>>> print(open('run_21.cif').read())   # mmCIF, C-alpha atoms
data_my_file
loop_
_atom_site.label_atom_id
_atom_site.label_comp_id
_atom_site.auth_asym_id
_atom_site.auth_seq_id
_atom_site.Cartn_x
_atom_site.Cartn_y
_atom_site.Cartn_z
CA MET A 1 9.67 204.64 93.46
CA SER A 2 10.94 201.85 91.27
CA PRO A 3 11.05 202.81 87.58
CA ILE A 4 8.74 199.96 86.53
CA LEU A 5 6.00 201.08 88.93
CA PHE A 6 6.46 204.72 87.89
CA TYR A 7 6.11 203.91 84.19
CA LEU A 8 3.12 201.63 84.89
CA PHE A 9 1.18 204.26 86.84
CA ALA A 10 2.25 207.14 84.58
CA ALA A 11 1.06 205.17 81.53
CA LEU A 12 -2.21 204.34 83.34
CA THR A 13 -2.79 208.02 84.20
CA VAL A 14 -1.97 209.37 80.74
CA CYS A 15 -3.74 206.64 78.71
CA PHE A 16 -6.97 206.92 80.68
CA GLY A 17 -6.64 210.72 80.51
CA ILE A 18 -6.60 210.41 76.71
CA ALA A 19 -9.59 208.05 76.94
CA VAL A 20 -11.53 210.75 78.84
CA VAL A 21 -11.17 213.07 75.84
CA ALA A 22 -11.58 210.39 73.16
CA ASN A 23 -14.72 208.66 74.47
CA ARG A 24 -18.02 209.70 72.89
CA ASN A 25 -20.05 208.40 75.83
CA PRO A 26 -19.97 210.72 78.91
CA VAL A 27 -20.41 207.80 81.37
CA ALA A 28 -17.37 205.99 79.89
CA SER A 29 -15.42 209.28 80.09
CA ALA A 30 -16.25 209.68 83.78
CA LEU A 31 -15.20 206.10 84.56
CA CYS A 32 -11.91 206.61 82.67
CA LEU A 33 -11.35 209.76 84.75
CA VAL A 34 -11.68 207.67 87.96
CA VAL A 35 -8.92 205.30 86.78
CA SER A 36 -6.76 208.27 85.77
CA PHE A 37 -7.15 209.82 89.25
CA LEU A 38 -6.29 206.48 90.91
CA GLY A 39 -3.08 206.29 88.85
CA LEU A 40 -2.28 209.84 89.91
CA ALA A 41 -2.81 208.87 93.57
CA ALA A 42 -0.29 206.04 93.07
CA LEU A 43 2.20 208.59 91.67
CA PHE A 44 1.66 210.71 94.82
CA VAL A 45 2.51 207.65 96.94
CA GLY A 46 5.70 207.30 94.90
CA LEU A 47 6.56 210.89 95.90
CA ASP A 48 6.07 210.04 99.62
CA ALA A 49 2.96 212.25 99.81
CA TYR A 50 0.69 209.66 101.43
CA PHE A 51 -1.80 212.16 102.85
CA ILE A 52 -2.34 213.83 99.47
CA ALA A 53 -2.72 210.39 97.84
CA VAL A 54 -5.45 209.39 100.31
CA ILE A 55 -7.22 212.74 99.90
CA GLN A 56 -7.00 212.32 96.12
CA VAL A 57 -8.73 208.93 96.29
CA LEU A 58 -11.36 210.08 98.80
CA VAL A 59 -12.26 213.47 97.31
CA TYR A 60 -11.63 213.04 93.57
CA ALA A 61 -12.13 209.34 92.85
CA GLY A 62 -14.89 209.22 95.48
CA ALA A 63 -16.95 212.35 96.02
CA VAL A 64 -16.32 214.37 92.83
CA MET A 65 -16.75 211.44 90.45
CA VAL A 66 -19.96 210.28 92.15
CA LEU A 67 -21.26 213.82 91.64
CA PHE A 68 -20.25 213.74 87.94
CA LEU A 69 -21.85 210.31 87.31
CA PHE A 70 -24.98 211.36 89.20
CA ILE A 71 -25.41 214.50 87.04
CA ILE A 72 -24.66 212.61 83.78
CA MET A 73 -27.30 209.99 84.56
CA LEU A 74 -29.74 212.66 85.79
CA LEU A 75 -29.47 214.61 82.51
CA ASP A 76 -29.69 211.47 80.31
CA LEU A 77 -27.13 212.54 77.68
CA LYS A 78 -27.67 209.82 75.05
CA ALA A 79 -28.29 212.28 72.19
CA GLU A 80 -24.73 213.57 72.37
CA THR A 81 -23.28 210.46 70.74
CA ARG A 82 -25.12 211.18 67.47
CA ARG A 83 -23.39 214.52 66.80
CA LYS A 84 -20.85 214.59 63.99
CA PRO A 85 -17.37 215.82 65.04
CA ASN A 86 -16.21 219.25 63.89
CA LEU A 87 -12.81 218.95 62.25
CA PRO A 88 -11.36 222.48 62.82
CA ALA A 89 -11.70 222.16 66.60
CA TYR A 90 -10.04 218.72 66.53
CA VAL A 91 -7.09 219.98 64.47
CA GLY A 92 -6.77 223.16 66.56
CA GLY A 93 -6.96 221.39 69.92
CA GLY A 94 -4.49 218.72 68.82
CA LEU A 95 -2.02 221.27 67.46
CA VAL A 96 -2.12 223.42 70.61
CA ALA A 97 -1.57 220.34 72.81
CA LEU A 98 1.34 219.13 70.64
CA ALA A 99 2.92 222.60 70.63
CA PHE A 100 2.60 222.72 74.43
CA ILE A 101 4.25 219.30 74.84
CA ALA A 102 7.09 220.23 72.46
CA GLN A 103 7.73 223.49 74.30
CA LEU A 104 7.64 221.71 77.67
CA TRP A 105 10.14 219.13 76.43
CA LEU A 106 12.55 221.87 75.29
CA VAL A 107 12.28 223.75 78.61
CA LEU A 108 12.68 220.62 80.77
CA GLU A 109 15.67 219.38 78.74
CA ARG A 110 17.57 222.55 79.64
CA TYR A 111 16.51 222.52 83.32
CA SER A 112 19.57 220.70 84.65
CA ALA A 113 18.35 220.29 88.26
CA ALA A 114 15.46 218.16 87.01
CA HIS A 115 17.87 215.45 85.83
CA GLN A 116 19.34 214.77 89.27
CA PRO A 117 17.74 211.95 91.30
CA PHE A 118 15.45 212.81 94.21
CA PRO A 119 17.37 213.39 97.49
CA THR A 120 16.71 210.85 100.25
CA MET A 121 14.58 211.96 103.19
CA TRP A 122 15.86 212.01 106.78
CA ALA A 123 14.30 213.17 110.07
CA SER A 124 16.26 215.62 112.23
CA GLU A 125 16.24 215.64 116.06
CA GLY A 126 12.75 215.50 117.58
CA LYS A 127 11.09 215.57 114.15
CA SER A 128 8.86 212.85 112.77
CA ILE A 129 9.09 211.57 109.20
CA ASP A 130 5.36 210.78 109.44
CA ASP A 131 3.66 212.47 106.49
CA VAL A 132 0.18 213.06 107.96
CA THR A 133 1.56 214.54 111.20
CA ASN A 134 3.76 217.01 109.33
CA VAL A 135 1.05 218.10 106.86
CA GLY A 136 -1.42 218.50 109.72
CA THR A 137 1.02 220.54 111.81
CA THR A 138 1.81 222.83 108.87
CA LEU A 139 -1.88 223.18 108.00
CA PHE A 140 -3.02 224.12 111.50
CA SER A 141 -0.06 226.30 112.52
CA VAL A 142 1.44 228.10 109.51
CA HIS A 143 -1.66 228.12 107.29
CA ASN A 144 -4.39 228.41 109.90
CA LEU A 145 -6.12 231.50 108.48
CA PRO A 146 -6.37 230.16 104.89
CA PHE A 147 -7.77 226.95 106.36
CA GLN A 148 -10.58 228.89 108.07
CA VAL A 149 -11.23 230.86 104.87
CA ILE A 150 -11.56 227.54 102.97
CA GLY A 151 -14.26 226.57 105.48
CA VAL A 152 -16.17 229.76 104.65
CA LEU A 153 -15.73 228.99 100.93
CA ILE A 154 -17.28 225.53 101.37
CA LEU A 155 -20.22 227.13 103.23
CA VAL A 156 -20.72 229.69 100.44
CA ALA A 157 -20.54 226.92 97.81
CA THR A 158 -23.13 224.85 99.69
CA ILE A 159 -25.56 227.80 99.95
CA GLY A 160 -24.89 228.65 96.29
CA VAL A 161 -25.73 225.11 95.15
CA VAL A 162 -28.97 225.15 97.16
CA VAL A 163 -29.98 228.51 95.65
CA LEU A 164 -29.07 227.38 92.10
CA SER A 165 -31.01 224.13 92.45
CA LYS A 166 -34.29 225.87 93.31
CA ARG A 167 -36.81 225.42 90.55
CA GLU A 168 -37.39 229.09 89.70
CA LEU A 169 -34.61 231.65 89.86
CA LYS A 170 -35.99 235.10 90.57
CA MET B 1 17.73 204.40 84.98
CA THR B 2 16.42 206.32 87.96
CA ILE B 3 13.23 208.36 88.04
CA THR B 4 13.99 212.07 88.29
CA LEU B 5 11.98 215.26 88.69
CA PHE B 6 12.01 215.48 84.87
CA HIS B 7 9.80 212.39 84.53
CA TYR B 8 7.20 213.64 86.99
CA LEU B 9 7.11 217.13 85.44
CA PHE B 10 6.74 215.62 81.98
CA VAL B 11 3.83 213.39 83.05
CA SER B 12 2.26 216.46 84.67
CA GLY B 13 2.72 218.43 81.44
CA LEU B 14 1.22 215.59 79.38
CA LEU B 15 -1.85 215.50 81.63
CA PHE B 16 -2.20 219.28 81.33
CA ALA B 17 -1.92 219.07 77.53
CA ILE B 18 -4.60 216.34 77.41
CA GLY B 19 -6.90 218.49 79.55
CA LEU B 20 -6.23 221.57 77.40
CA ALA B 21 -6.91 219.65 74.17
CA GLY B 22 -10.10 218.26 75.70
CA VAL B 23 -11.37 221.71 76.65
CA MET B 24 -10.67 222.93 73.10
CA LEU B 25 -12.03 220.07 71.02
CA ARG B 26 -14.94 218.65 72.99
CA ARG B 27 -18.38 220.29 72.76
CA ASN B 28 -20.12 218.57 75.67
CA ILE B 29 -20.00 220.89 78.68
CA ILE B 30 -19.67 218.02 81.20
CA ILE B 31 -16.65 216.58 79.37
CA ILE B 32 -15.13 220.08 79.30
CA PHE B 33 -15.62 220.21 83.06
CA MET B 34 -13.86 216.84 83.51
CA CYS B 35 -10.94 218.10 81.45
CA LEU B 36 -10.69 221.13 83.76
CA GLU B 37 -10.34 218.69 86.67
CA LEU B 38 -7.60 216.88 84.74
CA MET B 39 -5.66 220.16 84.38
CA LEU B 40 -6.02 220.95 88.12
CA ASN B 41 -4.63 217.50 88.91
CA ALA B 42 -1.69 218.02 86.56
CA ALA B 43 -0.81 221.17 88.55
CA ASN B 44 -1.11 219.17 91.79
CA LEU B 45 1.32 216.53 90.50
CA SER B 46 4.00 219.09 89.67
CA LEU B 47 3.52 220.80 93.08
CA VAL B 48 3.97 217.50 94.94
CA ALA B 49 7.00 216.61 92.78
CA PHE B 50 8.68 219.94 93.58
CA SER B 51 7.78 219.53 97.26
CA ARG B 52 9.59 216.14 97.33
CA PHE B 53 12.54 217.53 95.35
CA ASN B 54 13.23 220.60 97.54
CA LEU B 55 13.85 219.04 100.94
CA VAL B 56 13.77 221.35 104.01
CA ASN B 57 15.88 219.79 106.81
CA GLY B 58 15.51 216.38 105.23
CA LEU B 59 11.72 216.55 104.95
CA PRO B 60 9.60 217.53 101.91
CA ASN B 61 8.41 221.13 101.73
CA TYR B 62 5.00 220.68 103.34
CA ASN B 63 3.80 224.16 102.33
CA ALA B 64 3.37 222.78 98.79
CA GLN B 65 1.35 219.82 100.06
CA VAL B 66 -0.89 222.18 102.05
CA LEU B 67 -1.39 224.19 98.84
CA VAL B 68 -2.37 220.94 97.05
CA PHE B 69 -4.86 220.28 99.87
CA PHE B 70 -6.38 223.74 99.32
CA ILE B 71 -6.52 223.20 95.54
CA ILE B 72 -8.38 219.90 96.02
CA THR B 73 -10.85 221.60 98.40
CA VAL B 74 -11.49 224.52 96.04
CA ALA B 75 -11.84 222.08 93.11
CA ALA B 76 -14.47 220.09 95.02
CA ALA B 77 -16.44 223.28 95.77
CA GLU B 78 -16.05 224.36 92.14
CA VAL B 79 -17.38 221.00 90.87
CA ALA B 80 -20.44 221.27 93.13
CA VAL B 81 -21.29 224.82 91.97
CA GLY B 82 -20.43 224.11 88.32
CA LEU B 83 -22.61 221.01 88.13
CA ALA B 84 -25.49 222.93 89.76
CA ILE B 85 -25.10 225.58 87.05
CA ILE B 86 -25.08 222.87 84.35
CA VAL B 87 -28.29 221.36 85.76
CA ALA B 88 -29.93 224.82 85.83
CA LEU B 89 -28.77 225.39 82.23
CA TYR B 90 -30.15 222.01 81.15
CA ARG B 91 -33.52 222.86 82.74
CA ALA B 92 -33.64 226.17 80.83
CA ARG B 93 -32.32 224.98 77.42
CA GLN B 94 -32.59 221.13 77.36
CA THR B 95 -28.99 220.83 76.11
CA THR B 96 -25.41 220.45 77.35
CA HIS B 97 -23.87 221.14 73.95
CA VAL B 98 -21.91 224.41 74.00
CA GLU B 99 -22.76 225.26 70.38
CA ASP B 100 -26.48 225.33 71.20
CA ILE B 101 -25.91 227.96 73.90
CA ASN B 102 -25.09 231.09 71.91
CA SER B 103 -27.26 233.92 73.33
CA LEU B 104 -24.16 235.98 74.17
CA LYS B 105 -22.45 235.29 70.83
CA PHE B 106 -21.93 238.37 68.67
#
>>> encode(input="run_21.cif", output="structure tokens")
Amino acid sequence: MSPILFYLFAALTVCFGIAVVANRNPVASALCLVVSFLGLAALFVGLDAYFIAVIQVLVYAGAVMVLFLFIIMLLDLKAETRRKPNLPAYVGGGLVALAFIAQLWLVLERYSAAHQPFPTMWASEGKSIDDVTNVGTTLFSVHNLPFQVIGVLILVATIGVVVLSKRELK
Amino acid sequence: MTITLFHYLFVSGLLFAIGLAGVMLRRNIIIIFMCLELMLNAANLSLVAFSRFNLVNGLPNYNAQVLVFFIITVAAAEVAVGLAIIVALYRARQTTHVEDINSLKF
């Protein structure tokens, strides 16, 4: 990925991520989160992970965010904007985040392998460089059992949501 | 100046820190939930970056990308269940503010 595009999409992702936390209005926060996820999908494309990028757009920027916006508008959260901010939590959260970033910087500076450029990809005999084919083959051959278990998990989640949404819980 | 693994890992760490700060300083439970999603995505970014960095026979390590696929699936299921819980909570208490929900507080 060219450096200009990387910095553009990284800045987009991080700035709109900050906007998610900084916005007082939950609807604006959710819309900022969509832009942040789209920037992240562009970063995945830069890493040659096209399948993951498409899934990111479809599942996160599509399905999950629609669910978030739907619930925010269903609950009608206008009263939240009138609350006054509590200072200790702001200072504490900010300090923990800054300490984490500083520590990460120190660790990554000493990790020498991280400063080498990414190796170029090549396809060996009879192998395809096609991203979706390779992810699909790995998913259905090596990780077949976890894939089936994920299906059961989705079923359990669906039943759980239906039970939770009933008007009276016994 | 070329883009290295360092840049991707640092962006991933920044996103995680933003999500962590959001979980700690925001009091609206829906915003806290969005920040959790932000942290999951930060983990996904570093997984994909490592997958591209550690080539196996010239191709990225697809096990990492399958793991990212599983994380996205579990996150989607988690969002569905979590939002259903938030709706049930709102029906019971008429609030999404975490400081108003203190029955279990000592």
>>> closest_residue(input="run_21.cif", among="A:Leu47, A:Ala11, A:Ala22, A:Val152", to="Leu47 in chain B", atoms="only C-alpha atoms")
A:Leu47
>>> resolve_selection(input="run_21.cif", expression="the PyMOL selection byres ((chain B and resi 83-98) around 7)", output="number ranges by chain")
A: 161, 164-165; B: 27-29, 79-82, 99-101
>>> closest_residue(input="run_21.cif", among="A:Tyr90, A:Trp122, A:Phe140, A:Tyr111", to="Ala21 in chain B", atoms="only C-alpha atoms")
A:Tyr90
>>> residues_near_point(input="run_21.cif", point="(-3.8, 211.9, 80.3)", cutoff="7 Å", atoms="all atoms listed in the file", output="PyMOL selection string")
(chain A and resi 13-18) or (chain B and resi 14-15+18)
>>> interface_residues(input="run_21.cif", of="chain B", to="chain A", cutoff="8 Å", atoms="all atoms listed in the file", output="PyMOL selection string")
chain B and resi 1-6+10-11+13-15+17-22+24-26+28+30-31+34-35+38+45+48-49+52-53+55+57-60+62-63+65-66+68-70+72-74+76-81+83-85+87-88+90+97
>>> atom_distance(input="run_21.cif", atom1="CA of Ala64 in chain B", atom2="CA of Ala43 in chain B")
11.2 Å
>>> closest_residue(input="run_21.cif", among="A:Leu58, A:Leu8, A:Leu69, A:Ala53", to="Leu31 in chain A", atoms="only C-alpha atoms")
A:Leu69
>>> decode(input="run_21.cif", residues="range 19-37 of chain B", atoms="N, CA, C and O atoms", output="PDB file, in the first residue's frame")
ATOM      1  N   GLY B  19     -10.636   2.763  22.266  1.00  0.00           N
ATOM      2  CA  GLY B  19     -11.744   1.950  22.766  1.00  0.00           C
ATOM      3  C   GLY B  19     -11.694   1.797  24.276  1.00  0.00           C
ATOM      4  O   GLY B  19     -12.715   1.916  24.963  1.00  0.00           O
ATOM      5  N   LEU B  20     -10.479   1.560  24.794  1.00  0.00           N
ATOM      6  CA  LEU B  20     -10.308   1.394  26.254  1.00  0.00           C
ATOM      7  C   LEU B  20     -10.699   2.671  26.988  1.00  0.00           C
ATOM      8  O   LEU B  20     -11.443   2.633  27.978  1.00  0.00           O
ATOM      9  N   ALA B  21     -10.214   3.826  26.479  1.00  0.00           N
ATOM     10  CA  ALA B  21     -10.557   5.107  27.107  1.00  0.00           C
ATOM     11  C   ALA B  21     -12.063   5.329  27.059  1.00  0.00           C
ATOM     12  O   ALA B  21     -12.664   5.786  28.036  1.00  0.00           O
ATOM     13  N   GLY B  22     -12.679   4.965  25.928  1.00  0.00           N
ATOM     14  CA  GLY B  22     -14.125   5.143  25.798  1.00  0.00           C
ATOM     15  C   GLY B  22     -14.893   4.316  26.807  1.00  0.00           C
ATOM     16  O   GLY B  22     -15.851   4.793  27.415  1.00  0.00           O
ATOM     17  N   VAL B  23     -14.463   3.059  26.997  1.00  0.00           N
ATOM     18  CA  VAL B  23     -15.144   2.196  27.974  1.00  0.00           C
ATOM     19  C   VAL B  23     -15.003   2.785  29.368  1.00  0.00           C
ATOM     20  O   VAL B  23     -15.927   2.744  30.180  1.00  0.00           O
ATOM     21  N   MET B  24     -13.830   3.415  29.658  1.00  0.00           N
ATOM     22  CA  MET B  24     -13.620   3.923  31.013  1.00  0.00           C
ATOM     23  C   MET B  24     -14.307   5.245  31.268  1.00  0.00           C
ATOM     24  O   MET B  24     -14.773   5.493  32.378  1.00  0.00           O
ATOM     25  N   LEU B  25     -14.377   6.127  30.272  1.00  0.00           N
ATOM     26  CA  LEU B  25     -14.865   7.474  30.590  1.00  0.00           C
ATOM     27  C   LEU B  25     -16.290   7.741  30.159  1.00  0.00           C
ATOM     28  O   LEU B  25     -16.881   8.717  30.624  1.00  0.00           O
ATOM     29  N   ARG B  26     -16.872   6.937  29.292  1.00  0.00           N
ATOM     30  CA  ARG B  26     -18.252   7.191  28.913  1.00  0.00           C
ATOM     31  C   ARG B  26     -19.198   6.486  29.874  1.00  0.00           C
ATOM     32  O   ARG B  26     -18.845   5.449  30.455  1.00  0.00           O
ATOM     33  N   ARG B  27     -20.394   7.054  30.078  1.00  0.00           N
ATOM     34  CA  ARG B  27     -21.363   6.490  31.011  1.00  0.00           C
ATOM     35  C   ARG B  27     -22.621   5.978  30.318  1.00  0.00           C
ATOM     36  O   ARG B  27     -23.487   5.423  30.974  1.00  0.00           O
ATOM     37  N   ASN B  28     -22.693   6.156  29.004  1.00  0.00           N
ATOM     38  CA  ASN B  28     -23.837   5.633  28.251  1.00  0.00           C
ATOM     39  C   ASN B  28     -23.516   4.204  27.804  1.00  0.00           C
ATOM     40  O   ASN B  28     -22.505   3.964  27.150  1.00  0.00           O
ATOM     41  N   ILE B  29     -24.381   3.258  28.158  1.00  0.00           N
ATOM     42  CA  ILE B  29     -24.042   1.853  27.952  1.00  0.00           C
ATOM     43  C   ILE B  29     -23.931   1.501  26.468  1.00  0.00           C
ATOM     44  O   ILE B  29     -23.144   0.621  26.085  1.00  0.00           O
ATOM     45  N   ILE B  30     -24.649   2.220  25.595  1.00  0.00           N
ATOM     46  CA  ILE B  30     -24.561   1.928  24.155  1.00  0.00           C
ATOM     47  C   ILE B  30     -23.219   2.390  23.599  1.00  0.00           C
ATOM     48  O   ILE B  30     -22.598   1.702  22.782  1.00  0.00           O
ATOM     49  N   ILE B  31     -22.738   3.560  24.075  1.00  0.00           N
ATOM     50  CA  ILE B  31     -21.418   4.038  23.634  1.00  0.00           C
ATOM     51  C   ILE B  31     -20.337   3.076  24.123  1.00  0.00           C
ATOM     52  O   ILE B  31     -19.376   2.777  23.412  1.00  0.00           O
ATOM     53  N   ILE B  32     -20.487   2.574  25.364  1.00  0.00           N
ATOM     54  CA  ILE B  32     -19.525   1.609  25.891  1.00  0.00           C
ATOM     55  C   ILE B  32     -19.476   0.379  24.990  1.00  0.00           C
ATOM     56  O   ILE B  32     -18.404  -0.149  24.674  1.00  0.00           O
ATOM     57  N   PHE B  33     -20.641  -0.039  24.529  1.00  0.00           N
ATOM     58  CA  PHE B  33     -20.727  -1.198  23.640  1.00  0.00           C
ATOM     59  C   PHE B  33     -20.019  -0.938  22.312  1.00  0.00           C
ATOM     60  O   PHE B  33     -19.301  -1.798  21.796  1.00  0.00           O
ATOM     61  N   MET B  34     -20.198   0.284  21.769  1.00  0.00           N
ATOM     62  CA  MET B  34     -19.502   0.632  20.518  1.00  0.00           C
ATOM     63  C   MET B  34     -17.992   0.615  20.714  1.00  0.00           C
ATOM     64  O   MET B  34     -17.246   0.183  19.827  1.00  0.00           O
ATOM     65  N   CYS B  35     -17.534   1.077  21.875  1.00  0.00           N
ATOM     66  CA  CYS B  35     -16.096   1.096  22.130  1.00  0.00           C
ATOM     67  C   CYS B  35     -15.552  -0.326  22.241  1.00  0.00           C
ATOM     68  O   CYS B  35     -14.409  -0.592  21.843  1.00  0.00           O
ATOM     69  N   LEU B  36     -16.365  -1.262  22.759  1.00  0.00           N
ATOM     70  CA  LEU B  36     -15.960  -2.669  22.776  1.00  0.00           C
ATOM     71  C   LEU B  36     -15.731  -3.167  21.349  1.00  0.00           C
ATOM     72  O   LEU B  36     -14.757  -3.869  21.066  1.00  0.00           O
ATOM     73  N   GLU B  37     -16.640  -2.778  20.438  1.00  0.00           N
ATOM     74  CA  GLU B  37     -16.483  -3.175  19.032  1.00  0.00           C
ATOM     75  C   GLU B  37     -15.189  -2.612  18.458  1.00  0.00           C
ATOM     76  O   GLU B  37     -14.496  -3.285  17.695  1.00  0.00           O
TER      77      GLU B  37
END
